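One structure below.
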Amino acid sequence: MIRLLPAIALAGLMYAGIPAFAVDSVRQTTVGQRQIRGCMSKRMSSDRTLSYNEAKKDCAERLRAQNQTSSAPLAAAGAGGGK
């Protein structure tokens with residue numbers, strides 16, 4: 001009984017903090033999923049021999065590379081913007 005109250009309080013605190021982080025991650029994954037689905041449908045319609053898993057892997061790598069190159073100029077501009 002003595003340990004039950006702190007365990008319930010800890011569980012409540014952990015549960016209360018989850019929705020704040022989940023909102024951004026859900027929004028970000030849905031946008032990423034839409035981009036991957038669109039890329040996959042284009043790839044698979046243009047190449048009928050391409051499997052679903054290969055298309056998904058190729059599109060995920062391509063979008064990851066695009067995101068890294070598009071965020072690099074923003075990071076460089078943010079670093080020098082304080083002068």
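Letters A, B, ... mark the chains of the structure tokens in the order given; residue numbers begin at 1 per chain; ligand numbers begin at 1, in order shown.
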_Please list as a PyMOL selection string every residue within 10 Å of Ala60 in chain A, counting only C-alpha atoms and excluding residues in the same chain fewer than 2 positions away._
chain A and resi 32-33+35-37+39-40+54-58+62-66
Dump of N, CA and C atoms for the selected residues, as a compact mmCIF listing (two decimals), in the first residue's frame:
# COMPACT_ATOMS: atom_id res chain seq x y z
N GLY A 32 5.17 12.64 -43.75
CA GLY A 32 6.19 11.77 -44.31
C GLY A 32 5.58 10.55 -44.98
N GLN A 33 4.54 9.99 -44.36
CA GLN A 33 3.88 8.83 -44.95
C GLN A 33 3.21 9.19 -46.27
N GLN A 35 4.16 11.52 -48.35
CA GLN A 35 5.22 11.70 -49.34
C GLN A 35 5.74 10.36 -49.82
N ILE A 36 5.92 9.43 -48.90
CA ILE A 36 6.42 8.11 -49.28
C ILE A 36 5.40 7.38 -50.14
N ARG A 37 4.12 7.46 -49.77
CA ARG A 37 3.08 6.81 -50.57
C ARG A 37 3.03 7.36 -51.99
N CYS A 39 5.44 8.87 -53.66
CA CYS A 39 6.66 8.44 -54.35
C CYS A 39 6.55 6.98 -54.75
N MET A 40 6.05 6.15 -53.85
CA MET A 40 5.92 4.72 -54.14
C MET A 40 4.96 4.47 -55.29
N GLU A 54 10.89 -2.78 -52.14
CA GLU A 54 11.98 -2.04 -52.80
C GLU A 54 11.58 -0.59 -53.03
N ALA A 55 10.35 -0.37 -53.47
CA ALA A 55 9.87 0.99 -53.70
C ALA A 55 9.84 1.78 -52.40
N LYS A 56 9.40 1.16 -51.33
CA LYS A 56 9.34 1.83 -50.04
C LYS A 56 10.73 2.21 -49.55
N LYS A 57 11.67 1.28 -49.69
CA LYS A 57 13.04 1.54 -49.26
C LYS A 57 13.67 2.66 -50.08
N ASP A 58 13.52 2.61 -51.40
CA ASP A 58 14.08 3.64 -52.27
C ASP A 58 13.49 5.02 -51.98
N ARG A 62 15.36 8.35 -50.52
CA ARG A 62 15.33 9.58 -51.33
C ARG A 62 14.77 10.75 -50.52
N LEU A 63 13.69 10.54 -49.79
CA LEU A 63 13.10 11.62 -48.99
C LEU A 63 14.00 12.00 -47.82
N ARG A 64 14.69 11.01 -47.24
CA ARG A 64 15.63 11.31 -46.15
C ARG A 64 16.76 12.19 -46.67
N ALA A 65 17.26 11.88 -47.86
CA ALA A 65 18.34 12.68 -48.45
C ALA A 65 17.84 14.10 -48.76
N GLN A 66 16.61 14.21 -49.26
CA GLN A 66 16.05 15.54 -49.54
C GLN A 66 15.91 16.35 -48.27
